[in-house]
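Novice: The following file, start-v3.txt, comprises compact mmCIF, C-alpha atoms:
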# COMPACT_ATOMS: atom_id res chain seq x y z
CA MET G 147 156.24 -18.06 -73.69
CA LYS G 148 158.42 -19.37 -76.52
CA VAL G 149 158.21 -17.78 -79.96
CA VAL G 150 158.78 -19.84 -83.12
CA LEU G 151 159.82 -17.76 -86.13
CA PHE G 152 159.90 -19.23 -89.62
CA CYS G 153 163.03 -17.81 -91.26
CA GLY G 154 163.81 -20.28 -94.04
CA GLY G 155 162.13 -18.81 -97.12
CA ARG G 156 163.91 -17.49 -100.18
CA GLY G 157 161.86 -14.32 -100.71
CA LEU G 158 161.72 -14.66 -104.49
CA ARG G 159 159.66 -11.50 -104.98
CA LEU G 160 162.51 -9.58 -103.34
CA ARG G 161 165.08 -11.24 -105.56
CA GLU G 162 167.54 -8.35 -105.77
CA HIS G 163 167.76 -8.39 -101.95
CA SER G 164 167.19 -12.04 -101.13
CA GLU G 165 169.87 -13.41 -103.43
CA ALA G 166 172.43 -11.81 -101.11
CA VAL G 167 170.56 -12.32 -97.80
CA PRO G 168 167.49 -14.29 -96.70
CA LYS G 169 164.30 -12.22 -96.64
CA PRO G 170 164.19 -11.96 -92.80
CA MET G 171 167.55 -10.16 -93.01
CA VAL G 172 166.35 -7.45 -95.40
CA ARG G 173 166.86 -4.20 -93.52
CA ILE G 174 164.22 -1.77 -92.36
CA GLY G 175 166.36 1.17 -91.26
CA TYR G 176 169.56 -0.19 -89.79
CA ARG G 177 168.09 -3.44 -88.46
CA PRO G 178 166.75 -6.48 -90.38
CA ILE G 179 163.02 -7.03 -90.38
CA LEU G 180 163.57 -10.17 -88.28
CA TRP G 181 164.95 -7.98 -85.48
CA HIS G 182 161.83 -5.78 -85.64
CA VAL G 183 159.60 -8.86 -85.35
CA MET G 184 161.59 -10.18 -82.38
CA ARG G 185 161.66 -6.78 -80.69
CA TYR G 186 157.86 -6.65 -80.90
CA TYR G 187 157.54 -9.98 -79.08
CA ALA G 188 160.21 -9.02 -76.55
CA HIS G 189 158.24 -5.87 -75.71
CA TYR G 190 155.43 -8.11 -74.45
CA GLY G 191 157.81 -10.23 -72.40
CA HIS G 192 158.31 -13.13 -74.82
CA ARG G 193 162.07 -13.36 -75.26
CA ASP G 194 162.72 -17.07 -75.80
CA PHE G 195 162.99 -17.48 -79.57
CA ILE G 196 163.30 -20.51 -81.83
CA LEU G 197 164.45 -19.54 -85.32
CA CYS G 198 163.56 -22.14 -87.97
CA LEU G 199 166.39 -21.64 -90.44
CA GLY G 200 166.69 -22.66 -94.06
CA TYR G 201 167.93 -20.58 -96.96
CA ARG G 202 171.04 -18.59 -95.96
CA GLY G 203 170.64 -19.48 -92.32
CA ASP G 204 174.33 -18.68 -91.97
CA ALA G 205 173.59 -15.00 -92.53
CA ILE G 206 171.10 -14.98 -89.65
CA LYS G 207 173.52 -16.78 -87.33
CA ASP G 208 176.34 -14.44 -88.28
CA TYR G 209 174.22 -11.35 -87.61
CA PHE G 210 173.43 -12.35 -84.04
CA LEU G 211 176.88 -13.78 -83.33
CA HIS G 212 178.32 -10.34 -84.13
CA TYR G 213 175.42 -8.26 -82.80
CA ASP G 214 176.41 -4.72 -81.83
CA GLU G 215 174.20 -3.25 -79.10
CA ALA G 216 175.74 0.18 -79.61
CA VAL G 217 174.12 0.54 -83.04
CA SER G 218 170.60 1.01 -81.65
CA ASN G 219 171.25 2.12 -78.08
CA ASP G 220 172.73 5.21 -76.45
CA PHE G 221 176.17 4.71 -74.99
CA VAL G 222 179.11 6.53 -73.43
CA LEU G 223 182.52 6.24 -75.07
CA SER G 224 185.61 6.82 -72.96
CA GLU G 225 189.28 5.95 -72.61
CA GLY G 226 189.96 6.97 -76.17
CA GLY G 227 187.41 4.52 -77.53
CA ARG G 228 188.57 1.56 -75.49
CA ARG G 229 185.57 1.59 -73.15
CA VAL G 230 181.90 1.54 -74.20
CA GLU G 231 179.24 1.93 -71.53
CA LEU G 232 175.80 1.02 -72.86
CA LEU G 233 172.87 3.10 -71.57
CA GLY G 234 170.36 0.59 -72.91
CA SER G 235 170.13 -2.90 -74.34
CA ASP G 236 168.10 -4.75 -76.97
CA ILE G 237 168.89 -8.44 -76.75
CA ALA G 238 170.80 -8.95 -73.49
CA ASP G 239 167.83 -10.86 -72.03
CA TRP G 240 166.91 -12.74 -75.21
CA ARG G 241 167.45 -16.48 -75.59
CA ILE G 242 167.72 -17.53 -79.24
CA THR G 243 167.79 -21.12 -80.51
CA PHE G 244 169.04 -21.49 -84.08
CA ALA G 245 167.54 -24.62 -85.64
CA ASP G 246 168.34 -25.75 -89.17
CA THR G 247 165.00 -27.02 -90.50
CA GLY G 248 165.98 -27.62 -94.13
CA LEU G 249 166.39 -25.66 -97.31
CA ASP G 250 163.04 -26.20 -99.08
CA THR G 251 160.96 -27.38 -96.13
CA THR G 252 157.30 -26.44 -95.78
CA ILE G 253 156.26 -24.25 -92.86
CA GLY G 254 154.39 -27.10 -91.19
CA GLU G 255 157.38 -29.39 -91.49
CA ARG G 256 159.66 -26.70 -90.04
CA LEU G 257 157.35 -26.56 -87.03
CA ARG G 258 157.41 -30.36 -86.71
CA ARG G 259 161.20 -30.34 -86.69
CA VAL G 260 161.38 -28.06 -83.64
CA ARG G 261 158.70 -29.90 -81.67
CA HIS G 262 161.30 -31.28 -79.26
CA LEU G 263 162.28 -27.70 -78.38
CA LEU G 264 158.70 -26.98 -77.25
CA GLU G 265 158.24 -29.91 -74.87
CA GLY G 266 156.56 -28.84 -71.64
CA GLU G 267 155.02 -25.71 -73.18
CA ASP G 268 151.26 -25.44 -72.75
CA MET G 269 151.13 -22.60 -75.29
CA PHE G 270 153.54 -21.00 -77.72
CA LEU G 271 153.62 -18.21 -80.29
CA ALA G 272 154.62 -18.39 -83.94
CA ASN G 273 155.10 -15.97 -86.80
CA TYR G 274 156.78 -15.55 -90.13
CA GLY G 275 160.02 -13.61 -89.84
CA ASP G 276 158.79 -10.92 -92.21
CA THR G 277 155.42 -9.75 -90.83
CA LEU G 278 154.94 -6.60 -88.75
CA THR G 279 151.96 -5.42 -86.71
CA ASP G 280 151.05 -3.32 -83.70
CA ALA G 281 148.33 -5.72 -82.53
CA PRO G 282 147.95 -5.87 -78.71
CA LEU G 283 149.66 -9.21 -78.17
CA ASP G 284 149.04 -9.33 -74.43
CA ARG G 285 145.27 -9.09 -74.91
CA LEU G 286 145.30 -11.71 -77.67
CA VAL G 287 147.25 -14.14 -75.48
CA ASP G 288 144.81 -13.61 -72.59
CA GLU G 289 141.87 -14.24 -74.90
CA PHE G 290 143.43 -17.44 -76.23
CA ARG G 291 144.31 -18.65 -72.74
CA ALA G 292 140.65 -18.34 -71.74
CA ASP G 293 139.56 -20.27 -74.84
CA ASP G 294 139.88 -23.99 -75.60
CA ALA G 295 140.98 -23.58 -79.24
CA THR G 296 144.06 -25.44 -80.45
CA ALA G 297 145.24 -22.57 -82.64
CA ALA G 298 144.48 -18.93 -83.28
CA LEU G 299 145.47 -16.57 -86.05
CA LEU G 300 145.45 -12.82 -86.48
CA SER G 301 142.80 -11.92 -89.07
CA VAL G 302 143.60 -8.68 -90.91
CA ARG G 303 142.52 -6.56 -93.85
CA PRO G 304 144.69 -6.99 -96.95
CA ALA G 305 147.43 -4.39 -97.05
CA TYR G 306 146.44 -3.21 -100.53
CA SER G 307 143.09 -2.22 -101.94
CA PHE G 308 141.77 -4.34 -104.79
CA HIS G 309 138.38 -5.16 -106.26
CA VAL G 310 136.37 -8.33 -105.80
CA VAL G 311 134.51 -9.33 -108.95
CA ASP G 312 131.00 -10.81 -108.72
CA LEU G 313 130.30 -12.86 -111.84
CA GLY G 314 126.98 -13.75 -113.35
CA GLU G 315 126.00 -15.82 -116.36
CA ARG G 316 128.26 -15.98 -119.41
CA GLY G 317 131.06 -14.35 -117.43
CA ARG G 318 129.26 -11.04 -117.12
CA VAL G 319 130.38 -8.84 -114.24
CA MET G 320 127.52 -8.17 -111.84
CA ALA G 321 129.42 -5.96 -109.42
CA LEU G 322 132.84 -4.72 -108.43
CA ARG G 323 133.47 -4.25 -104.73
CA ASP G 324 136.60 -3.03 -103.03
CA VAL G 325 138.10 -5.08 -100.23
CA ALA G 326 136.60 -2.93 -97.47
CA SER G 327 133.03 -3.16 -98.72
CA ALA G 328 133.44 -6.88 -99.46
CA GLY G 329 134.43 -7.48 -95.84
CA LEU G 330 137.37 -9.69 -96.76
CA ARG G 331 140.03 -10.65 -94.27
CA VAL G 332 143.25 -12.61 -94.67
CA ASN G 333 145.43 -14.71 -92.44
CA GLY G 334 147.93 -12.30 -90.85
CA GLY G 335 150.57 -14.97 -90.25
CA SER G 336 150.69 -14.39 -86.50
CA TYR G 337 149.73 -17.45 -84.46
CA ILE G 338 149.13 -18.77 -80.96
CA PHE G 339 149.25 -22.55 -80.54
CA ARG G 340 148.68 -25.29 -78.04
CA PRO G 341 150.63 -28.56 -78.40
CA GLY G 342 147.61 -30.15 -80.05
CA ILE G 343 148.68 -28.46 -83.28
CA PHE G 344 151.24 -31.23 -83.72
CA ASP G 345 148.47 -33.83 -83.84
CA THR G 346 147.25 -32.23 -87.08
CA LEU G 347 150.64 -32.07 -88.82
CA ALA G 348 151.73 -34.90 -91.09
CA SER G 349 155.23 -35.12 -92.54
CA GLY G 350 155.74 -32.48 -95.22
CA ASP G 351 152.48 -30.62 -94.51
CA ASP G 352 152.16 -26.94 -95.03
CA LEU G 353 150.94 -25.26 -91.86
CA VAL G 354 147.75 -23.70 -93.13
CA ASP G 355 146.13 -25.99 -95.71
CA ALA G 356 145.31 -29.42 -94.27
CA PRO G 357 146.04 -28.75 -90.56
CA PHE G 358 143.97 -25.57 -90.33
CA ALA G 359 141.17 -27.10 -92.37
CA GLN G 360 141.08 -30.00 -89.92
CA LEU G 361 140.97 -27.65 -86.93
CA ALA G 362 138.29 -25.49 -88.55
CA SER G 363 136.10 -28.55 -89.14
CA ARG G 364 136.23 -29.23 -85.39
CA SER G 365 135.76 -25.57 -84.38
CA MET G 366 139.21 -25.55 -82.81
CA LEU G 367 140.68 -22.70 -84.88
CA ALA G 368 140.11 -19.17 -83.62
CA ALA G 369 140.62 -15.89 -85.48
CA TYR G 370 141.20 -12.52 -83.87
CA PRO G 371 140.09 -9.68 -86.17
CA TYR G 372 142.43 -6.70 -86.11
CA ASP G 373 142.10 -3.49 -88.11
CA GLY G 374 145.24 -1.71 -86.92
CA PHE G 375 148.61 -1.77 -88.62
CA TRP G 376 149.70 -4.97 -90.35
CA MET G 377 152.08 -5.54 -93.25
CA SER G 378 154.04 -8.43 -94.65
CA LEU G 379 157.30 -7.81 -96.50
CA ASP G 380 156.61 -9.52 -99.83
CA THR G 381 157.54 -7.02 -102.53
CA LEU G 382 159.79 -4.05 -103.16
CA LYS G 383 156.74 -1.83 -102.75
CA ASP G 384 156.26 -3.21 -99.23
CA LEU G 385 159.91 -2.54 -98.47
CA GLU G 386 159.61 1.06 -99.64
CA ILE G 387 156.57 1.64 -97.43
CA LEU G 388 158.21 0.12 -94.36
CA GLU G 389 161.46 2.02 -94.91
CA ARG G 390 159.57 5.29 -95.30
CA LEU G 391 157.71 4.74 -92.03
CA GLU G 392 160.95 3.87 -90.25
CA ASP G 393 162.79 6.87 -91.72
CA ARG G 394 160.04 9.21 -90.42
CA ASP G 395 160.20 7.57 -86.98
CA ALA G 396 156.55 6.69 -87.54
CA ALA G 397 156.76 2.89 -87.50
CA PRO G 398 153.46 1.66 -85.98
CA TRP G 399 154.94 -1.77 -85.15
CA ALA G 400 157.63 -0.22 -82.92
CA VAL G 401 155.44 -0.43 -79.81
CA TRP G 402 158.57 -0.42 -77.63
CA ARG G 403 159.37 3.14 -78.73
CA ARG G 404 155.93 4.36 -77.72
CA GLN G 405 156.40 2.79 -74.31
CA ARG G 406 159.81 4.41 -73.97
CA ALA G 407 158.36 7.81 -74.90
CA ALA G 408 155.56 7.35 -72.35
CA ASP G 409 158.06 6.47 -69.63
CA VAL G 410 160.11 9.59 -70.41
CA GLY G 411 157.00 11.76 -70.43
CA ALA G 412 155.94 10.41 -67.06
Transcribe the structure of this file into structure tokens.
Specialist:
Amino acid sequence: MKVVLFCGGRGLRLREHSEAVPKPMVRIGYRPILWHVMRYYAHYGHRDFILCLGYRGDAIKDYFLHYDEAVSNDFVLSEGGRRVELLGSDIADWRITFADTGLDTTIGERLRRVRHLLEGEDMFLANYGDTLTDAPLDRLVDEFRADDATAALLSVRPAYSFHVVDLGERGRVMALRDVASAGLRVNGGSYIFRPGIFDTLASGDDLVDAPFAQLASRSMLAAYPYDGFWMSLDTLKDLEILERLEDRDAAPWAVWRRQRAADVGA
């Protein structure tokens, strides 16, 4: 199944990083977060990617044009450094389409501009290039395939705890409830679509506002609640958390490492 990744944003809340590189290229460990997102999808067998480029798309192209497999795989060096024999591979079986979708384009419009690259697909996946999770993608795809919804989103708990304020008369606070007790969920930015999504998108639309409202009114938008790991890279605090997890080799989103460890243990 093809995977559409929206990689055109400026990442203004990560200004000190994103002025030099686009937000999807901000590094978690020695790989950009975009690579981590793609590696997650590749683990589940989805290796045909469409990158919707915008701000500093050249940096994303340059990274993959000069990709070095030896950085994240074991290898044997011989002949005085002239020969490198890889013992593993990350992207050898990936197919990546780089599509310039405009500098300040909305997410919905970026999706419209790659519609021709999705012809013949009965379903496809989509995500922002800066959101990580360990959600069981194979099970979610199976559930969507058995449904008749046009679109589905991952529904998650907010990454940070905050309080919901219940107001009464004259602005008096009636209660303060934390996110957990309030039962709030947010859109996790991970999607599964059928081609019917394009029927809801007008020129210049954002993806979520009008299109999703239209689908929800017709009961054609599904949500899959997930309470495992999920985090979007929006702030420097997020970056610090993700880097700390990666440095401790405790990154929940790295489902491919758990599989590798299980294979070795077997």
Novice: Out of G:Val401, G:Leu249, G:Arg177, G:Ala362, which residue has the shortest atom-to-atom distance to Asp214 in chain G when counting all atoms listed in the file?
Specialist: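 Closest residue, counting all atoms listed in the file: G:Arg177.
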Novice: With only C-alpha atoms as the counted atoms, please give the residues lying no more than 8 Å from Leu353 in chain G, apart from itself and same-chain residues fewer than 6 positions off, as a list in words.
Specialist: Thr252, Ile253, Gly254, Glu255 and Leu347 of chain G
Novice: Need the shell around Met320 in chain G: protein/DNA/RNA residues with any atom at most 12 Å away, counting all atoms listed in the file. Skip same-chain ones fewer than 6 positions apart. Format as a JSON list (two decimals) with C-alpha atoms, keeping the file's coordinate frame?
Specialist:
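Wrote result_31.json, looks like this:
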[["chain", "number", "residue", "atom", "x", "y", "z"],
["G", 310, "VAL", "CA", 136.37, -8.33, -105.80],
["G", 311, "VAL", "CA", 134.51, -9.33, -108.95],
["G", 312, "ASP", "CA", 131.00, -10.81, -108.72],
["G", 313, "LEU", "CA", 130.30, -12.86, -111.84],
["G", 314, "GLY", "CA", 126.98, -13.75, -113.35]]
Novice: Would you mind reading off the distance between CA of Asp293 in chain G and CA of Ala368 in chain G, one decimal, in Å?
Specialist: 8.9 Å
Novice: My list of candidates is G:Arg228, G:Arg173, G:Arg303, G:Arg291. Which is closest to Asp268 in chain G when distances are computed with all atoms listed in the file?
Specialist: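 Ranked by minimum distance to Asp268 in chain G, first place goes to G:Arg291.
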Novice: Rounded to one decimal in Å, what is the spacing between CA of Trp376 in chain G and CA of Tyr186 in chain G?
Specialist: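 Atom-to-atom, CA of Trp376 in chain G and CA of Tyr186 in chain G are spaced 12.6 Å apart.
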Novice: Compare G:Asp204, G:Met269, G:Asp239, G:Arg258 by their minimum atom-to-atom distance to Ala292 in chain G, counting all atoms listed in the file, and give me the closest one.
Specialist: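 Between G:Asp204, G:Met269, G:Asp239, G:Arg258, the residue approaching Ala292 in chain G most closely is G:Met269.
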Novice: Counting only C-alpha atoms, what is within 9 Å of Ala281 in chain G, bar same-chain residues fewer than 6 positions away, as a ChimeraX atom specification?
Specialist: /G:300,372-376,399
Novice: With distances taken over only C-alpha atoms, which of G:Met377, G:Ile174, G:Met184, G:Ala369 is nearest to Gly275 in chain G?
Specialist: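 Closest residue, counting only C-alpha atoms: G:Met184.
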